[in-house]
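Undergrad: Below is a structure I'd like to ask you about.
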Amino acid sequence: MRGALLELEGVERRFGGLKAVDGVTVSIARGEIIGLIGPNGAGKTTLINTITGVHPATAGRIVFEGRDITRLKPHVIAGLGLARTFQIVQPFPAMTVLENVTAGALFAGGAPTMKAAQEAAMERLEFTGLAAHASKPASTLTLAQRKRLELAKSLAMKPRLLMLDEVNAGLNSSEVDDALDIIRRIAASGVTILVVEHLMKVVLSVSQRIIVLHHGQLIAEGEPKAVLSSPAVIEAYLGSRYADRIAGGAG
Amino acid sequence: MTRNVITTWIAFAVGIALCAVLPIFGGNYTLRLATTVAMYAVLAQSWNFIGGLAAYPSFATAAFFGLGAYISAVLQTKGVPLYWTWVLGGLGAALFAAFLGGAILHLRGHYFAIASLVVAEVLRELINTTPDLTGGGMGLNVPALKMSVGEQAQFFYHAMLALFAISLATAIFVHRGKSGFALQCIKQNEDAASILGVNAYAYKSLAFVLSAVFVGAAGGMYATWTRYIDPTDVFDVLLSVKPLVMVLLGGVGTLLGPVVGAFILLALEEVVWRNFLTMHAAALGVIIVALVLYLPNGLMSLVREIARRRGRA
């Protein structure tokens with residue numbers, strides 16, 4: 001196994017009495033594409049928020065490239081090379097598409113000047129197929145384009161780890177195929193990717209490994225096909241009676 | 001881009017130079033009005049950093065103004081050279097803003113507005129309880145300058161104009177630069193900006209300090225100009241409200257909006273005050289409400305709209 005890029009040790013995030021993330025221990029290797037799945041409310045987005053410092057962990061430790069980032073502020077973590085996209089897209093609506101991406105290149109991507117940041121941003125727009133829309137206000141984009149804008153913004157940050165929070169939610173199937181193609185090309189460029197996804201087709205087609213969250217706890221981890229057929233995962237998604245029936249039928 | 005920058009600075013230099021020769025044509029009354037416009041423009045330009053660029057509705061302008069006025073006035077009574085008292089008034093207000101920002105800049109929207117509003121009241125009470133140093137509620141007399149009335153009018157006009165020029169130059173740098181871009185990001189979506197690596201706290205603090213430093217210096221000049229200050233005068237809540245109104249009138253987040261707004265507000269104040277002596281505050285209020293309702297992006301947006309239509313025709 002190649003060296004670990006990100007390590008979580010017993011990470012916990014409480015909101016009052018609720019443990020949204022409950023003792024998650026997992027490690028992500030360099031260059032890996034890892035899928036994060038789980039039923040609604042399992043804590044997937046909270047886990048990303050905890051890693052990026054938006055909702056700091058209430059217990060446990062997060063180590064990125066050997067450095068403890070548990071208590072760092074979001075903008076510092078972003079500068080270290082951890083980028084994420086938002087499930088609910090978060091563009092700067094009144095700015096142009098180019099300006100949106102320029103922000104990522106300037107503030108986290110290490111671009112020395114405004115001009116260099118704009119050039120880097122333009123490259124990302126070409127990569128994601130948004131170059132033709134560069135001078136339009138971000139608010140005029142379609143949902144599929146806004147999802148790609150999220151991708152372009154996070155790529156402009158020159159990430160070492162990219163966390164994609166449901167970049168395919170709400171897209172039709174040809175748009176999903178386009179997005180998958182972009183994800184594969186990002187991975188080919190050497191970026192480690194954590195994919196949070198509801199669409200099993202997406203998870204199965206890109207992930208090398210899958211982790212499953214349920215009630216904030218890690219309930220399964222491993223090779224995609226094996227994980228999806230494990231009783232704990234079936235129970236989490238479909239209930240214990242269904243899981244028993246499958247187990248009974250198989251046995 | 002570079003050509004654009006050069007054009008901006010040439011326009012800036014010509015504009016300030018033209019303003020500077022006004023005393024040749026104007027009498028003392030004109031100069032007094034012009035000094036007030038320059039002071040208003042400083043207040044509006046300053047508010048635009050935090051309120052216009054970062055969209056944090058600050059009502060702390062009166063606090064910075066009063067603090068600068070008192071720092072400067074007290075130092076003048078102790079015999080510190082005049083210019084230094086103004087500089088220290090500005091720096092004192094800026095330092096105060098840096099600390100205050102640490103306490104209230106994590107609040108957003110109305111909460112930030114209310115927190116910033118009470119600061120002037122706290123400072124006013126503080127002045128009231130320290131009569132030995134500041135004269136307390138009785139106010140403080142500031143040593144008069146050894147100049148004729150005409151010379152003084154010209155002197156304060158040029159001083160205020162110079163302060164305005166510095167504040168405008170700073171605004172040009174900020175609007176054009178990385179910090180202005182960061183503030184725009186914060187204005188539109190602060191959480192998304194942080195995730196993109198923007199140190200929101202640092203840039204907001206910078207904007208807040210910039211919204212205080214020139215206001216503090218203006219307060220110092222005001223103290224010397226009027227030769228007498230008291231807490232109700234320099235911590236007047238209108239000093240917090242007027243900059244906001246001027247920027248709304250001129251154009252939020254623009255370079256020239258605050259200047260345009262300062263002219264309009266003073267013109268309205270003068271005209272309305274002359275014609276509706278007994279109820280000028282009410283009349284002014286109605287006009288401002290109407291302008292804000294029907295021109296929410298300020299007069300600069302109207303100018304741009306007309307230019308756009310001409311361009312099309």
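Ordering of the structure tokens sets the chain letters (A, B, ...); residue numbers start at 1 within each chain; ligands are numbered from 1 in the order shown.
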Report as a Markdown table: every residue of chain B with an atom at most 12 Å from chain A, its closest pair of atoms, and their distance in Å to one decimal, counting only C-alpha atoms, with rows sorted by chain and ascending residue number.
TA:
| residue | atom | partner | partner_atom | distance |
| --- | --- | --- | --- | --- |
| B:Met1 | CA | A:Lys115 | CA | 10.1 |
| B:Thr2 | CA | A:Lys115 | CA | 11.5 |
| B:Arg176 | CA | A:Met114 | CA | 9.9 |
| B:Gly177 | CA | A:Met114 | CA | 8.0 |
| B:Lys178 | CA | A:Met114 | CA | 7.2 |
| B:Ser179 | CA | A:Phe107 | CA | 10.3 |
| B:Gly180 | CA | A:Ala103 | CA | 11.5 |
| B:Phe181 | CA | A:Ala103 | CA | 7.8 |
| B:Ala182 | CA | A:Ala103 | CA | 7.7 |
| B:Leu183 | CA | A:Ala103 | CA | 10.9 |
| B:Gln184 | CA | A:Phe92 | CA | 8.7 |
| B:Cys185 | CA | A:Phe92 | CA | 6.6 |
| B:Ile186 | CA | A:Phe92 | CA | 9.0 |
| B:Lys187 | CA | A:Phe92 | CA | 8.8 |
| B:Gln188 | CA | A:Phe92 | CA | 5.4 |
| B:Asn189 | CA | A:Phe92 | CA | 6.2 |
| B:Glu190 | CA | A:Phe92 | CA | 9.5 |
| B:Asp191 | CA | A:Val54 | CA | 8.4 |
| B:Ala192 | CA | A:Gln90 | CA | 6.2 |
| B:Ala193 | CA | A:Ala103 | CA | 8.1 |
| B:Ser194 | CA | A:His75 | CA | 4.9 |
| B:Ile195 | CA | A:His75 | CA | 5.7 |
| B:Leu196 | CA | A:Gly104 | CA | 5.1 |
| B:Gly197 | CA | A:His75 | CA | 4.0 |
| B:Val198 | CA | A:Phe107 | CA | 5.6 |
| B:Asn199 | CA | A:His75 | CA | 5.6 |
| B:Ala200 | CA | A:His75 | CA | 8.0 |
| B:Tyr201 | CA | A:His75 | CA | 9.9 |
| B:Ala202 | CA | A:His75 | CA | 10.8 |
| B:Tyr203 | CA | A:Phe107 | CA | 11.8 |
Undergrad: Using the chain letters and numbers from this document, which residues of range 26-213 of chain A does DSSP assign to strand (DSSP E), as a ChimeraX atom specification?
TA: /A:26-29,33-37,59-64,67-68,82-84,161-165,192-196,209-213
Undergrad: Rank B:Gln154, B:Ser211, B:Thr170, B:Ser116 by their smallest atom-to-atom distance to Trp225 in chain B, using only C-alpha atoms, and report the top residue only.
TA: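 Smallest separation from Trp225 in chain B among the options: B:Gln154.
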Undergrad: So that I can see what lies close to range 218-235 of chain A, please list as an MDAnalysis selection string the residues with an atom at most 10 Å from it, counting only C-alpha atoms and leaving out residues fewer than 3 positions away in the same chain.
TA: chainID A and resid 21:26 34:39 42:43 200 203:215 238:244 246:247
Undergrad: Store the residues picked out above, limited to N, CA, C and O atoms, as a compact mmCIF listing (two decimals), in the first residue's frame.
TA:
# COMPACT_ATOMS: atom_id res chain seq x y z
N VAL A 21 -21.01 12.27 13.58
CA VAL A 21 -19.91 11.40 13.19
C VAL A 21 -19.40 10.76 14.46
O VAL A 21 -19.10 11.45 15.43
N ASP A 22 -19.33 9.42 14.48
CA ASP A 22 -19.12 8.71 15.74
C ASP A 22 -17.94 7.75 15.65
O ASP A 22 -18.08 6.62 15.19
N GLY A 23 -16.77 8.24 16.04
CA GLY A 23 -15.60 7.37 16.11
C GLY A 23 -15.17 6.76 14.79
O GLY A 23 -14.95 5.56 14.69
N VAL A 24 -15.02 7.58 13.76
CA VAL A 24 -14.62 7.06 12.46
C VAL A 24 -13.10 6.97 12.37
O VAL A 24 -12.39 7.95 12.61
N THR A 25 -12.61 5.78 12.07
CA THR A 25 -11.18 5.57 11.85
C THR A 25 -11.00 5.01 10.45
O THR A 25 -11.54 3.94 10.13
N VAL A 26 -10.30 5.77 9.60
CA VAL A 26 -10.11 5.30 8.22
C VAL A 26 -8.88 5.98 7.66
O VAL A 26 -8.45 7.03 8.16
N ILE A 34 -11.74 6.72 -3.62
CA ILE A 34 -12.47 6.00 -2.59
C ILE A 34 -13.91 6.51 -2.56
O ILE A 34 -14.15 7.72 -2.66
N GLY A 35 -14.85 5.59 -2.47
CA GLY A 35 -16.26 5.98 -2.44
C GLY A 35 -16.76 6.01 -1.01
O GLY A 35 -16.42 5.14 -0.21
N LEU A 36 -17.56 7.03 -0.68
CA LEU A 36 -18.16 7.12 0.66
C LEU A 36 -19.67 7.07 0.46
O LEU A 36 -20.25 7.95 -0.18
N ILE A 37 -20.31 6.00 0.98
CA ILE A 37 -21.75 5.88 0.80
C ILE A 37 -22.42 5.69 2.16
O ILE A 37 -21.75 5.54 3.19
N GLY A 38 -23.73 5.73 2.14
CA GLY A 38 -24.50 5.57 3.36
C GLY A 38 -25.89 6.15 3.14
O GLY A 38 -26.06 7.01 2.28
N PRO A 39 -26.88 5.67 3.93
CA PRO A 39 -28.24 6.18 3.77
C PRO A 39 -28.31 7.68 4.10
O PRO A 39 -27.38 8.23 4.67
N ALA A 42 -26.65 9.74 7.22
CA ALA A 42 -25.63 8.87 7.80
C ALA A 42 -24.45 9.66 8.36
O ALA A 42 -23.69 9.16 9.17
N GLY A 43 -24.28 10.92 7.88
CA GLY A 43 -23.17 11.73 8.37
C GLY A 43 -22.08 11.94 7.34
O GLY A 43 -20.98 12.36 7.68
N MET A 200 -25.41 4.45 -7.22
CA MET A 200 -24.53 3.29 -7.13
C MET A 200 -23.72 3.09 -8.41
O MET A 200 -22.58 2.67 -8.37
N VAL A 203 -20.65 5.21 -8.07
CA VAL A 203 -19.72 4.71 -7.06
C VAL A 203 -19.01 3.47 -7.58
O VAL A 203 -17.78 3.36 -7.49
N LEU A 204 -19.79 2.54 -8.14
CA LEU A 204 -19.20 1.28 -8.59
C LEU A 204 -18.24 1.50 -9.75
O LEU A 204 -17.24 0.81 -9.86
N SER A 205 -18.55 2.47 -10.62
CA SER A 205 -17.71 2.60 -11.81
C SER A 205 -16.42 3.35 -11.56
O SER A 205 -15.48 3.19 -12.32
N VAL A 206 -16.34 4.17 -10.51
CA VAL A 206 -15.07 4.87 -10.31
C VAL A 206 -14.27 4.44 -9.08
O VAL A 206 -13.05 4.57 -9.06
N SER A 207 -14.94 3.91 -8.05
CA SER A 207 -14.22 3.67 -6.80
C SER A 207 -13.38 2.41 -6.84
O SER A 207 -13.80 1.39 -7.36
N GLN A 208 -12.20 2.50 -6.22
CA GLN A 208 -11.38 1.31 -6.04
C GLN A 208 -11.71 0.66 -4.71
O GLN A 208 -11.48 -0.50 -4.48
N ARG A 209 -12.25 1.48 -3.80
CA ARG A 209 -12.55 1.01 -2.46
C ARG A 209 -13.76 1.80 -1.98
O ARG A 209 -13.97 2.95 -2.39
N ILE A 210 -14.56 1.22 -1.09
CA ILE A 210 -15.76 1.91 -0.61
C ILE A 210 -15.78 1.88 0.91
O ILE A 210 -15.40 0.87 1.52
N ILE A 211 -16.19 2.98 1.52
CA ILE A 211 -16.47 2.96 2.95
C ILE A 211 -17.94 3.33 3.15
O ILE A 211 -18.49 4.12 2.39
N VAL A 212 -18.55 2.72 4.17
CA VAL A 212 -19.98 2.92 4.39
C VAL A 212 -20.23 3.51 5.77
O VAL A 212 -19.73 2.99 6.77
N LEU A 213 -20.97 4.60 5.81
CA LEU A 213 -21.34 5.21 7.09
C LEU A 213 -22.80 4.92 7.38
O LEU A 213 -23.65 4.91 6.48
N HIS A 214 -23.10 4.69 8.68
CA HIS A 214 -24.50 4.55 9.09
C HIS A 214 -24.61 5.09 10.51
O HIS A 214 -23.83 4.68 11.38
N HIS A 215 -25.55 5.99 10.76
CA HIS A 215 -25.65 6.66 12.05
C HIS A 215 -24.29 7.19 12.52
O HIS A 215 -23.96 7.09 13.70
N LEU A 238 -31.73 -1.41 3.76
CA LEU A 238 -33.03 -2.02 3.49
C LEU A 238 -33.72 -2.60 4.73
O LEU A 238 -34.82 -3.11 4.65
N GLY A 239 -33.07 -2.55 5.89
CA GLY A 239 -33.70 -3.05 7.12
C GLY A 239 -33.26 -4.48 7.44
O GLY A 239 -32.81 -5.22 6.56
N SER A 240 -33.43 -4.88 8.72
CA SER A 240 -32.87 -6.16 9.17
C SER A 240 -33.65 -7.35 8.62
O SER A 240 -33.09 -8.40 8.33
N ARG A 241 -34.98 -7.16 8.44
CA ARG A 241 -35.76 -8.32 7.97
C ARG A 241 -35.32 -8.72 6.57
O ARG A 241 -35.17 -9.90 6.25
N TYR A 242 -35.09 -7.69 5.74
CA TYR A 242 -34.66 -7.97 4.38
C TYR A 242 -33.28 -8.63 4.38
O TYR A 242 -33.03 -9.60 3.66
N ALA A 243 -32.39 -8.11 5.25
CA ALA A 243 -31.04 -8.66 5.33
C ALA A 243 -31.07 -10.12 5.75
O ALA A 243 -30.37 -10.97 5.21
N ASP A 244 -31.96 -10.46 6.74
CA ASP A 244 -32.09 -11.84 7.21
C ASP A 244 -32.55 -12.75 6.08
O ASP A 244 -32.04 -13.86 5.91
N ILE A 246 -32.18 -12.35 2.85
CA ILE A 246 -31.11 -12.58 1.89
C ILE A 246 -30.13 -13.63 2.45
O ILE A 246 -29.74 -14.57 1.78
N ALA A 247 -29.77 -13.43 3.74
CA ALA A 247 -28.81 -14.34 4.38
C ALA A 247 -29.38 -15.76 4.42
O ALA A 247 -28.69 -16.73 4.11
Undergrad: For CA of Val213 in chain B and CA of Val122 in chain B, quote the distance in Å rounded to one decimal.
TA: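 About the pair CA of Val213 in chain B and CA of Val122 in chain B: they are 19.2 Å apart.
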Undergrad: Closest to Pro131 in chain B among B:Ala69, B:Leu31, B:Ala20, B:Val74, using only C-alpha atoms?
TA: B:Val74
Undergrad: Neighbours of Ser173 in chain A within 12 Å (only C-alpha atoms; same-chain residues fewer than 6 positions away dropped), as a ChimeraX atom specification?
TA: /A:144,179-180,199,201-202
Undergrad: Store the residues of this selection in a file with all heavy atoms, as a short mmCIF file (atom, residue, chain, number, x, y, z; two decimals), in the first residue's frame.
TA:
data_model
loop_
_atom_site.label_atom_id
_atom_site.label_comp_id
_atom_site.auth_asym_id
_atom_site.auth_seq_id
_atom_site.Cartn_x
_atom_site.Cartn_y
_atom_site.Cartn_z
N ALA A 144 -26.16 21.54 -14.17
CA ALA A 144 -25.04 20.70 -14.57
C ALA A 144 -23.77 21.54 -14.71
O ALA A 144 -22.69 21.13 -14.30
CB ALA A 144 -25.35 19.99 -15.88
N ALA A 179 -19.76 13.96 -16.32
CA ALA A 179 -19.11 14.22 -15.03
C ALA A 179 -18.16 13.09 -14.67
O ALA A 179 -17.05 13.33 -14.18
CB ALA A 179 -20.16 14.40 -13.95
N LEU A 180 -18.58 11.83 -14.94
CA LEU A 180 -17.72 10.69 -14.65
C LEU A 180 -16.42 10.76 -15.43
O LEU A 180 -15.34 10.47 -14.91
CB LEU A 180 -18.45 9.39 -15.00
CG LEU A 180 -19.41 8.88 -13.94
CD1 LEU A 180 -20.07 7.60 -14.42
CD2 LEU A 180 -18.65 8.64 -12.65
N LEU A 199 -25.71 7.66 -6.20
CA LEU A 199 -25.92 6.84 -7.39
C LEU A 199 -24.91 5.68 -7.39
O LEU A 199 -23.71 5.89 -7.54
CB LEU A 199 -25.71 7.68 -8.66
CG LEU A 199 -26.67 8.85 -8.84
CD1 LEU A 199 -26.21 9.72 -10.00
CD2 LEU A 199 -28.08 8.32 -9.09
N LYS A 201 -24.35 3.46 -9.55
CA LYS A 201 -23.66 3.31 -10.83
C LYS A 201 -22.35 4.09 -10.81
O LYS A 201 -21.31 3.60 -11.24
CB LYS A 201 -24.58 3.86 -11.93
CG LYS A 201 -23.93 4.07 -13.27
CD LYS A 201 -24.86 4.85 -14.20
CE LYS A 201 -24.11 5.34 -15.43
NZ LYS A 201 -24.91 6.26 -16.25
N VAL A 202 -22.41 5.32 -10.25
CA VAL A 202 -21.23 6.17 -10.21
C VAL A 202 -20.19 5.58 -9.27
O VAL A 202 -19.02 5.43 -9.61
CB VAL A 202 -21.62 7.59 -9.75
CG1 VAL A 202 -20.39 8.46 -9.60
CG2 VAL A 202 -22.61 8.20 -10.72
#
Undergrad: Quick check, in Å to one decimal: how far apart do CA of Arg160 in chain A and CA of Gln217 in chain A lie?
TA: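 Those two atoms sit 25.6 Å apart.
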Undergrad: Return as JSON, numbers by chain the full set of residues in range 33-267 of chain B whose backbone-based DSSP assignment is helix (DSSP H, G or I).
TA: {"B": [33, 34, 35, 36, 37, 38, 39, 40, 41, 42, 43, 44, 45, 46, 47, 48, 49, 50, 51, 52, 53, 61, 62, 63, 64, 65, 66, 67, 68, 69, 70, 71, 72, 73, 74, 75, 76, 77, 82, 83, 84, 85, 86, 87, 88, 89, 90, 91, 92, 93, 94, 95, 96, 97, 98, 99, 100, 101, 102, 103, 104, 109, 110, 111, 112, 113, 114, 115, 116, 117, 118, 119, 120, 121, 122, 123, 124, 125, 126, 127, 128, 131, 132, 133, 134, 136, 137, 138, 149, 150, 151, 152, 153, 154, 155, 156, 157, 158, 159, 160, 161, 162, 163, 164, 165, 166, 167, 168, 169, 170, 171, 172, 173, 174, 175, 176, 178, 179, 180, 181, 182, 183, 184, 185, 186, 187, 188, 190, 191, 192, 193, 194, 195, 200, 201, 202, 203, 204, 205, 206, 207, 208, 209, 210, 211, 212, 213, 214, 215, 216, 217, 218, 219, 220, 221, 222, 223, 224, 225, 226, 231, 232, 233, 234, 238, 239, 240, 241, 242, 243, 244, 245, 246, 247, 248, 249, 250, 257, 258, 259, 260, 261, 262, 263, 264, 265, 266, 267]}
Undergrad: Can you work out which one of B:Gly27, B:Pro143, B:Gly66, B:Gly15 has the shortest atom-to-atom distance to Phe164 in chain B, counting only C-alpha atoms?
TA: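 Among the listed residues, the smallest separation from Phe164 in chain B belongs to B:Gly15.
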Undergrad: What does the distance from CA of Leu162 in chain A to CA of Arg184 in chain A come to in Å, to one decimal?
TA: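 It comes out at 12.4 Å.
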Undergrad: For Leu256 in chain B, which residue among B:Gly136, B:Leu105, B:Ala171, B:Leu284 is the nearest when counting only C-alpha atoms?
TA: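 Distance minimum relative to Leu256 in chain B lands on B:Ala171.
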Undergrad: Of the candidates B:Leu255, B:His175, B:Phe112, B:Val271, which shows the shortest atom-to-atom distance to Ala207 in chain B, using only C-alpha atoms?
TA: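 Using only C-alpha atoms, the shortest distance to Ala207 in chain B belongs to B:His175.
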